[in-house]
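To be precise, the following lines are model-v9.pdb, and they hold PDB, C-alpha atoms, pLDDT in the B column.
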```pdb
ATOM      1  CA  MET M   1      42.744  72.268  73.640  1.00 93.00           C
ATOM      2  CA  ASP M   2      44.957  73.668  70.897  1.00 94.00           C
ATOM      3  CA  PHE M   3      48.365  72.009  70.788  1.00 96.00           C
ATOM      4  CA  THR M   4      49.151  73.236  67.263  1.00 93.00           C
ATOM      5  CA  LYS M   5      50.582  76.694  67.932  1.00 90.00           C
ATOM      6  CA  LEU M   6      53.889  75.536  69.425  1.00 91.00           C
ATOM      7  CA  ASP M   7      54.539  72.277  67.576  1.00 90.00           C
ATOM      8  CA  GLY M   8      52.498  70.130  69.909  1.00 95.00           C
ATOM      9  CA  LEU M   9      53.187  71.993  73.140  1.00 96.00           C
ATOM     10  CA  ILE M  10      51.209  74.319  75.367  1.00 97.00           C
ATOM     11  CA  PRO M  11      52.564  76.382  78.249  1.00 97.00           C
ATOM     12  CA  ALA M  12      51.278  75.550  81.720  1.00 98.00           C
ATOM     13  CA  VAL M  13      51.529  78.146  84.482  1.00 98.00           C
ATOM     14  CA  VAL M  14      51.807  76.604  87.940  1.00 98.00           C
ATOM     15  CA  GLN M  15      50.407  78.660  90.811  1.00 98.00           C
ATOM     16  CA  ASP M  16      50.345  77.918  94.540  1.00 98.00           C
ATOM     17  CA  GLU M  17      46.719  77.302  95.544  1.00 97.00           C
ATOM     18  CA  THR M  18      47.118  79.112  98.866  1.00 97.00           C
ATOM     19  CA  SER M  19      49.502  82.035  98.332  1.00 97.00           C
ATOM     20  CA  ASN M  20      48.709  82.501  94.620  1.00 98.00           C
ATOM     21  CA  GLU M  21      52.446  82.813  94.018  1.00 98.00           C
ATOM     22  CA  VAL M  22      53.434  81.843  90.468  1.00 98.00           C
ATOM     23  CA  LEU M  23      55.863  78.963  90.919  1.00 98.00           C
ATOM     24  CA  MET M  24      57.002  78.040  87.415  1.00 98.00           C
ATOM     25  CA  VAL M  25      56.022  77.659  83.787  1.00 98.00           C
ATOM     26  CA  GLY M  26      56.506  74.398  81.930  1.00 97.00           C
ATOM     27  CA  PHE M  27      55.348  72.904  78.659  1.00 97.00           C
ATOM     28  CA  MET M  28      53.033  69.972  78.093  1.00 98.00           C
ATOM     29  CA  ASN M  29      52.409  67.864  75.046  1.00 97.00           C
ATOM     30  CA  GLU M  30      49.231  65.799  74.854  1.00 97.00           C
ATOM     31  CA  GLU M  31      50.829  62.862  76.664  1.00 97.00           C
ATOM     32  CA  ALA M  32      52.118  65.063  79.508  1.00 98.00           C
ATOM     33  CA  TRP M  33      48.623  66.500  79.899  1.00 97.00           C
ATOM     34  CA  ARG M  34      47.094  63.012  79.921  1.00 96.00           C
ATOM     35  CA  LEU M  35      49.566  61.849  82.584  1.00 96.00           C
ATOM     36  CA  THR M  36      48.968  64.987  84.661  1.00 97.00           C
ATOM     37  CA  ARG M  37      45.266  64.193  84.799  1.00 94.00           C
ATOM     38  CA  GLU M  38      45.775  60.480  85.305  1.00 94.00           C
ATOM     39  CA  ARG M  39      48.298  60.788  88.156  1.00 94.00           C
ATOM     40  CA  GLY M  40      47.134  64.044  89.690  1.00 95.00           C
ATOM     41  CA  PHE M  41      50.688  65.403  89.677  1.00 97.00           C
ATOM     42  CA  VAL M  42      52.010  67.970  87.244  1.00 98.00           C
ATOM     43  CA  THR M  43      53.952  66.306  84.432  1.00 98.00           C
ATOM     44  CA  PHE M  44      55.775  68.286  81.762  1.00 98.00           C
ATOM     45  CA  TYR M  45      57.506  67.679  78.473  1.00 97.00           C
ATOM     46  CA  SER M  46      61.116  68.839  78.659  1.00 94.00           C
ATOM     47  CA  ARG M  47      62.089  70.699  75.505  1.00 88.00           C
ATOM     48  CA  THR M  48      65.800  70.433  76.217  1.00 87.00           C
ATOM     49  CA  ARG M  49      65.811  66.755  77.194  1.00 92.00           C
ATOM     50  CA  GLN M  50      62.936  65.831  74.859  1.00 94.00           C
ATOM     51  CA  THR M  51      61.328  63.614  77.456  1.00 97.00           C
ATOM     52  CA  LEU M  52      58.362  63.532  79.820  1.00 98.00           C
ATOM     53  CA  TRP M  53      59.085  64.330  83.465  1.00 96.00           C
ATOM     54  CA  MET M  54      56.871  64.426  86.503  1.00 97.00           C
ATOM     55  CA  LYS M  55      57.990  67.473  88.469  1.00 97.00           C
ATOM     56  CA  GLY M  56      59.532  66.319  91.747  1.00 96.00           C
ATOM     57  CA  GLU M  57      59.452  62.602  90.900  1.00 95.00           C
ATOM     58  CA  THR M  58      62.957  62.109  92.299  1.00 94.00           C
ATOM     59  CA  SER M  59      63.154  65.006  94.779  1.00 94.00           C
ATOM     60  CA  GLY M  60      59.717  64.368  96.265  1.00 96.00           C
ATOM     61  CA  ASN M  61      58.781  67.976  95.594  1.00 96.00           C
ATOM     62  CA  ARG M  62      55.791  67.012  93.516  1.00 97.00           C
ATOM     63  CA  LEU M  63      53.008  69.367  92.505  1.00 98.00           C
ATOM     64  CA  LEU M  64      49.584  68.031  93.454  1.00 97.00           C
ATOM     65  CA  VAL M  65      46.949  69.253  91.016  1.00 96.00           C
ATOM     66  CA  ARG M  66      44.127  71.079  92.745  1.00 96.00           C
ATOM     67  CA  GLN M  67      42.435  73.055  89.979  1.00 95.00           C
ATOM     68  CA  VAL M  68      42.981  73.546  86.262  1.00 97.00           C
ATOM     69  CA  MET M  69      41.794  76.475  84.151  1.00 97.00           C
ATOM     70  CA  LEU M  70      42.057  76.825  80.368  1.00 97.00           C
ATOM     71  CA  ASP M  71      42.364  80.246  78.767  1.00 97.00           C
ATOM     72  CA  CYS M  72      40.048  81.816  76.204  1.00 96.00           C
ATOM     73  CA  ASP M  73      42.296  80.820  73.286  1.00 93.00           C
ATOM     74  CA  GLU M  74      42.427  77.258  74.618  1.00 95.00           C
ATOM     75  CA  ASP M  75      46.197  77.227  74.220  1.00 95.00           C
ATOM     76  CA  THR M  76      47.416  77.818  77.794  1.00 97.00           C
ATOM     77  CA  LEU M  77      46.742  76.120  81.139  1.00 98.00           C
ATOM     78  CA  LEU M  78      46.757  77.575  84.631  1.00 98.00           C
ATOM     79  CA  ILE M  79      47.253  74.867  87.251  1.00 98.00           C
ATOM     80  CA  LYS M  80      46.735  75.541  90.936  1.00 97.00           C
ATOM     81  CA  VAL M  81      48.726  73.132  93.051  1.00 97.00           C
ATOM     82  CA  ARG M  82      49.662  72.061  96.544  1.00 97.00           C
ATOM     83  CA  ARG M  83      53.434  71.864  96.951  1.00 98.00           C
ATOM     84  CA  GLU M  84      54.718  68.557  98.357  1.00 97.00           C
ATOM     85  CA  GLY M  85      58.102  67.639  99.874  1.00 96.00           C
ATOM     86  CA  ASP M  86      60.121  70.565 101.198  1.00 96.00           C
ATOM     87  CA  GLY M  87      57.950  72.914  99.187  1.00 95.00           C
ATOM     88  CA  ASN M  88      60.757  74.266  97.035  1.00 96.00           C
ATOM     89  CA  VAL M  89      59.739  74.122  93.393  1.00 96.00           C
ATOM     90  CA  CYS M  90      62.924  75.632  91.974  1.00 96.00           C
ATOM     91  CA  HIS M  91      66.133  73.619  91.662  1.00 92.00           C
ATOM     92  CA  LEU M  92      67.866  76.572  93.329  1.00 94.00           C
ATOM     93  CA  ASN M  93      66.022  75.667  96.563  1.00 94.00           C
ATOM     94  CA  ARG M  94      63.522  78.465  96.307  1.00 96.00           C
ATOM     95  CA  VAL M  95      59.756  78.255  96.465  1.00 97.00           C
ATOM     96  CA  SER M  96      59.384  79.832  93.014  1.00 98.00           C
ATOM     97  CA  CYS M  97      61.494  79.629  89.851  1.00 98.00           C
ATOM     98  CA  PHE M  98      60.959  83.358  89.344  1.00 97.00           C
ATOM     99  CA  VAL M  99      64.013  84.458  91.264  1.00 90.00           C
ATOM    100  CA  THR M 100      65.596  87.303  89.325  1.00 92.00           C
ATOM    101  CA  TYR M 101      64.217  90.776  89.762  1.00 91.00           C
ATOM    102  CA  ILE M 102      64.815  92.817  86.617  1.00 92.00           C
ATOM    103  CA  GLU M 103      65.993  96.311  87.445  1.00 77.00           C
ATOM    104  CA  ASN M 104      64.800  99.250  85.390  1.00 63.00           C
ATOM    105  CA  ALA M 105      61.735  97.299  84.338  1.00 58.00           C
ATOM    106  CA  GLU M 106      59.292  98.824  86.771  1.00 53.00           C
ATOM    107  CA  VAL M 107      58.560 101.790  84.547  1.00 53.00           C
ATOM    108  CA  GLY M 108      55.212 102.140  86.249  1.00 49.00           C
ATOM    109  CA  GLU M 109      56.949 103.129  89.479  1.00 48.00           C
ATOM    110  CA  ARG M 110      58.430 106.186  87.834  1.00 48.00           C
ATOM    111  CA  ARG M 111      55.161 107.611  86.549  1.00 45.00           C
TER     112      ARG M 111
ATOM    113  CA  MET G   1      67.477  86.232  78.452  1.00 93.00           C
ATOM    114  CA  ASP G   2      67.185  83.146  76.295  1.00 95.00           C
ATOM    115  CA  PHE G   3      65.004  83.699  73.238  1.00 96.00           C
ATOM    116  CA  THR G   4      66.302  80.623  71.403  1.00 93.00           C
ATOM    117  CA  LYS G   5      64.078  77.869  72.795  1.00 90.00           C
ATOM    118  CA  LEU G   6      60.904  78.916  70.985  1.00 91.00           C
ATOM    119  CA  ASP G   7      62.229  80.407  67.758  1.00 90.00           C
ATOM    120  CA  GLY G   8      62.784  83.863  69.175  1.00 95.00           C
ATOM    121  CA  LEU G   9      59.890  83.955  71.627  1.00 96.00           C
ATOM    122  CA  ILE G  10      59.530  83.691  75.379  1.00 97.00           C
ATOM    123  CA  PRO G  11      56.297  83.304  77.322  1.00 97.00           C
ATOM    124  CA  ALA G  12      55.326  86.136  79.641  1.00 98.00           C
ATOM    125  CA  VAL G  13      52.896  85.467  82.486  1.00 98.00           C
ATOM    126  CA  VAL G  14      50.888  88.537  83.466  1.00 98.00           C
ATOM    127  CA  GLN G  15      49.758  88.721  87.090  1.00 98.00           C
ATOM    128  CA  ASP G  16      47.683  91.362  88.865  1.00 98.00           C
ATOM    129  CA  GLU G  17      49.946  93.184  91.333  1.00 97.00           C
ATOM    130  CA  THR G  18      47.224  93.421  93.970  1.00 97.00           C
ATOM    131  CA  SER G  19      45.126  90.268  93.789  1.00 97.00           C
ATOM    132  CA  ASN G  20      47.904  88.017  92.400  1.00 98.00           C
ATOM    133  CA  GLU G  21      45.362  86.653  89.928  1.00 98.00           C
ATOM    134  CA  VAL G  22      46.996  85.309  86.762  1.00 98.00           C
ATOM    135  CA  LEU G  23      45.484  87.389  83.968  1.00 98.00           C
ATOM    136  CA  MET G  24      46.937  86.002  80.763  1.00 98.00           C
ATOM    137  CA  VAL G  25      49.999  84.539  79.069  1.00 98.00           C
ATOM    138  CA  GLY G  26      51.462  86.068  75.935  1.00 97.00           C
ATOM    139  CA  PHE G  27      54.668  85.765  73.958  1.00 97.00           C
ATOM    140  CA  MET G  28      57.399  88.330  73.460  1.00 98.00           C
ATOM    141  CA  ASN G  29      60.191  88.512  70.942  1.00 97.00           C
ATOM    142  CA  GLU G  30      63.155  90.775  71.673  1.00 97.00           C
ATOM    143  CA  GLU G  31      61.454  93.797  70.127  1.00 97.00           C
ATOM    144  CA  ALA G  32      58.269  93.292  72.175  1.00 98.00           C
ATOM    145  CA  TRP G  33      60.376  93.053  75.321  1.00 97.00           C
ATOM    146  CA  ARG G  34      62.261  96.228  74.372  1.00 96.00           C
ATOM    147  CA  LEU G  35      58.997  98.097  73.762  1.00 96.00           C
ATOM    148  CA  THR G  36      57.530  96.810  77.024  1.00 97.00           C
ATOM    149  CA  ARG G  37      60.427  98.303  78.940  1.00 95.00           C
ATOM    150  CA  GLU G  38      60.506 101.506  76.907  1.00 94.00           C
ATOM    151  CA  ARG G  39      56.779 102.251  77.166  1.00 94.00           C
ATOM    152  CA  GLY G  40      56.038 100.675  80.522  1.00 95.00           C
ATOM    153  CA  PHE G  41      53.049  98.825  79.072  1.00 97.00           C
ATOM    154  CA  VAL G  42      52.983  95.140  78.250  1.00 98.00           C
ATOM    155  CA  THR G  43      53.590  94.550  74.532  1.00 98.00           C
ATOM    156  CA  PHE G  44      53.419  91.116  72.964  1.00 98.00           C
ATOM    157  CA  TYR G  45      54.238  89.453  69.689  1.00 97.00           C
ATOM    158  CA  SER G  46      51.138  87.848  68.224  1.00 94.00           C
ATOM    159  CA  ARG G  47      51.943  84.426  66.826  1.00 88.00           C
ATOM    160  CA  THR G  48      48.751  84.215  64.790  1.00 87.00           C
ATOM    161  CA  ARG G  49      48.912  87.750  63.361  1.00 92.00           C
ATOM    162  CA  GLN G  50      52.732  87.840  63.280  1.00 94.00           C
ATOM    163  CA  THR G  51      52.809  91.391  64.562  1.00 97.00           C
ATOM    164  CA  LEU G  52      53.623  93.362  67.697  1.00 98.00           C
ATOM    165  CA  TRP G  53      50.686  94.549  69.785  1.00 96.00           C
ATOM    166  CA  MET G  54      50.489  96.585  72.917  1.00 97.00           C
ATOM    167  CA  LYS G  55      47.788  94.933  75.009  1.00 97.00           C
ATOM    168  CA  GLY G  56      44.847  97.334  75.329  1.00 96.00           C
ATOM    169  CA  GLU G  57      46.205  99.908  72.877  1.00 95.00           C
ATOM    170  CA  THR G  58      42.793 100.324  71.257  1.00 94.00           C
ATOM    171  CA  SER G  59      40.507  99.275  74.136  1.00 94.00           C
ATOM    172  CA  GLY G  60      42.364 101.329  76.751  1.00 96.00           C
ATOM    173  CA  ASN G  61      42.714  98.230  78.899  1.00 96.00           C
ATOM    174  CA  ARG G  62      46.473  98.520  79.018  1.00 97.00           C
ATOM    175  CA  LEU G  63      48.701  96.648  81.432  1.00 98.00           C
ATOM    176  CA  LEU G  64      51.024  98.968  83.345  1.00 97.00           C
ATOM    177  CA  VAL G  65      54.265  97.204  84.224  1.00 96.00           C
ATOM    178  CA  ARG G  66      54.951  97.264  87.947  1.00 96.00           C
ATOM    179  CA  GLN G  67      57.521  94.513  88.454  1.00 95.00           C
ATOM    180  CA  VAL G  68      59.289  91.971  86.256  1.00 97.00           C
ATOM    181  CA  MET G  69      60.856  88.714  87.360  1.00 97.00           C
ATOM    182  CA  LEU G  70      62.907  86.321  85.220  1.00 97.00           C
ATOM    183  CA  ASP G  71      62.938  82.614  85.967  1.00 97.00           C
ATOM    184  CA  CYS G  72      65.938  80.435  86.767  1.00 96.00           C
ATOM    185  CA  ASP G  73      66.238  79.184  83.170  1.00 93.00           C
ATOM    186  CA  GLU G  74      66.069  82.771  81.919  1.00 95.00           C
ATOM    187  CA  ASP G  75      63.444  81.789  79.374  1.00 95.00           C
ATOM    188  CA  THR G  76      60.196  82.979  80.983  1.00 97.00           C
ATOM    189  CA  LEU G  77      59.015  86.309  82.399  1.00 98.00           C
ATOM    190  CA  LEU G  78      56.555  87.026  85.194  1.00 98.00           C
ATOM    191  CA  ILE G  79      55.151  90.547  84.924  1.00 98.00           C
ATOM    192  CA  LYS G  80      53.131  92.107  87.718  1.00 97.00           C
ATOM    193  CA  VAL G  81      50.825  94.793  86.399  1.00 97.00           C
ATOM    194  CA  ARG G  82      48.217  97.357  87.241  1.00 97.00           C
ATOM    195  CA  ARG G  83      45.137  96.950  85.047  1.00 98.00           C
ATOM    196  CA  GLU G  84      43.990 100.125  83.294  1.00 97.00           C
ATOM    197  CA  GLY G  85      40.686 100.978  81.573  1.00 96.00           C
ATOM    198  CA  ASP G  86      37.715  98.900  82.690  1.00 96.00           C
ATOM    199  CA  GLY G  87      40.102  96.348  84.152  1.00 95.00           C
ATOM    200  CA  ASN G  88      39.002  93.481  81.939  1.00 96.00           C
ATOM    201  CA  VAL G  89      42.031  91.837  80.385  1.00 96.00           C
ATOM    202  CA  CYS G  90      40.161  89.171  78.429  1.00 96.00           C
ATOM    203  CA  HIS G  91      38.332  89.961  75.192  1.00 92.00           C
ATOM    204  CA  LEU G  92      35.375  88.091  76.705  1.00 94.00           C
ATOM    205  CA  ASN G  93      34.988  90.973  79.186  1.00 94.00           C
ATOM    206  CA  ARG G  94      36.446  89.091  82.089  1.00 96.00           C
ATOM    207  CA  VAL G  95      39.258  90.148  84.378  1.00 97.00           C
ATOM    208  CA  SER G  96      41.329  87.067  83.486  1.00 98.00           C
ATOM    209  CA  CYS G  97      41.707  85.082  80.267  1.00 98.00           C
ATOM    210  CA  PHE G  98      41.627  81.877  82.339  1.00 97.00           C
ATOM    211  CA  VAL G  99      37.899  81.379  82.162  1.00 90.00           C
ATOM    212  CA  THR G 100      37.285  77.682  81.620  1.00 92.00           C
ATOM    213  CA  TYR G 101      37.331  75.385  84.592  1.00 91.00           C
ATOM    214  CA  ILE G 102      38.381  71.899  83.517  1.00 92.00           C
ATOM    215  CA  GLU G 103      36.223  69.261  85.152  1.00 77.00           C
ATOM    216  CA  ASN G 104      37.776  65.990  86.304  1.00 63.00           C
ATOM    217  CA  ALA G 105      41.161  67.654  86.529  1.00 58.00           C
ATOM    218  CA  GLU G 106      41.197  68.229  90.232  1.00 53.00           C
ATOM    219  CA  VAL G 107      42.517  64.782  91.032  1.00 53.00           C
ATOM    220  CA  GLY G 108      43.975  66.131  94.249  1.00 49.00           C
ATOM    221  CA  GLU G 109      40.470  66.736  95.571  1.00 48.00           C
ATOM    222  CA  ARG G 110      39.732  63.026  95.438  1.00 48.00           C
ATOM    223  CA  ARG G 111      42.729  61.908  97.498  1.00 45.00           C
TER     224      ARG G 111
END
```

The structure in this file should be written as structure tokens.
Amino acid sequence: MDFTKLDGLIPAVVQDETSNEVLMVGFMNEEAWRLTRERGFVTFYSRTRQTLWMKGETSGNRLLVRQVMLDCDEDTLLIKVRREGDGNVCHLNRVSCFVTYIENAEVGERR
Amino acid sequence: MDFTKLDGLIPAVVQDETSNEVLMVGFMNEEAWRLTRERGFVTFYSRTRQTLWMKGETSGNRLLVRQVMLDCDEDTLLIKVRREGDGNVCHLNRVSCFVTYIENAEVGERR
């Protein structure tokens, strides 16, 4: 895996194993990736807080790793998970962090 | 949208509008995002080549923008697309760039 392109970080896309909904994107350094595999729960490196954090460690809304895929450039992970706790991944109490629909972006609709 | 966290770039997750399969992750700077909206086809900024590129511009395998969602931190995009051309997004002639299954990662399976 190539951690060099973003100063030691790679993006990890988290997807619900059942609905295939994209839940969030976080970043992992090598230690976060090691801990994710070791514990079986998604663990990120927070760029703003500059620390490791297991998603849901305090809230209970952990992300149980079910399947991991690496992309063809070997610089991005796709992690299929089972949502634990109340199932809300976003801190805004939503299932997914992708909450804001961007108007005027669906150019394809107008064709 | 917050382009400051990665030196002017944000990750964009591309998802098939029908199957919900995650196809690839690329990066956009502000100009790539502007062009994506203007043209209606996903346009990235290549970190390795340091240039803008419309995905599929030469191959015909363009990604027609159908819906765009922004995440709660306003630093990541989720773009639902319709695949054009032969429908293979990956340069390895696969639908998705996430091609490598990582063994021993599915810790959840062993619980």

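Nearest residue to chain G among M:Glu103, M:Glu84, M:Asp7, M:Asp71 is M:Asp71, counting only C-alpha atoms.
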
Next item on the list: Convert the output of the PyMOL selection byres ((chain G and resi 4) around 12) on the shown file into explicit residues, formatted as a list in words.
Entry: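 Selected by the PyMOL selection byres ((chain G and resi 4) around 12) here: Arg47 and Thr48 of chain M; Met1, Asp2, Phe3, Lys5, Leu6, Asp7, Gly8, Leu9, Ile10, Pro11, Met28, Asn29, Glu30, Asp73, Glu74, Asp75 and Thr76 of chain G.
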
Next item on the list: Output as a VMD selection string the set of chain M residues within 9 Å of chain G, with distances taken over all atoms listed in the file.
Entry: chain M and resid 5 to 6 11 13 15 19 to 22 24 to 25 36 to 41 47 to 48 64 to 74 76 to 78 81 to 82 90 to 92 96 to 109

Next item on the list: Give me, please, the distance in Å between atom CA of Val89 of chain M and atom CA of Asn61 of chain M, quoted to one decimal.
Entry: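 About the pair atom CA of Val89 of chain M and atom CA of Asn61 of chain M: they are 6.6 Å apart.
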
Next item on the list: In Å, rounded to a single decimal, give me how far atom CA of Leu35 of chain G is from atom CA of Gln50 of chain G.
Entry: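 These atoms are spaced 15.9 Å apart.
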
Next item on the list: Could you state which residues are captured by the PyMOL selection byres ((chain G and resi 60) around 8) in this file, as a PyMOL selection string?
Entry: chain G and resi 56-59+61-62+84-86
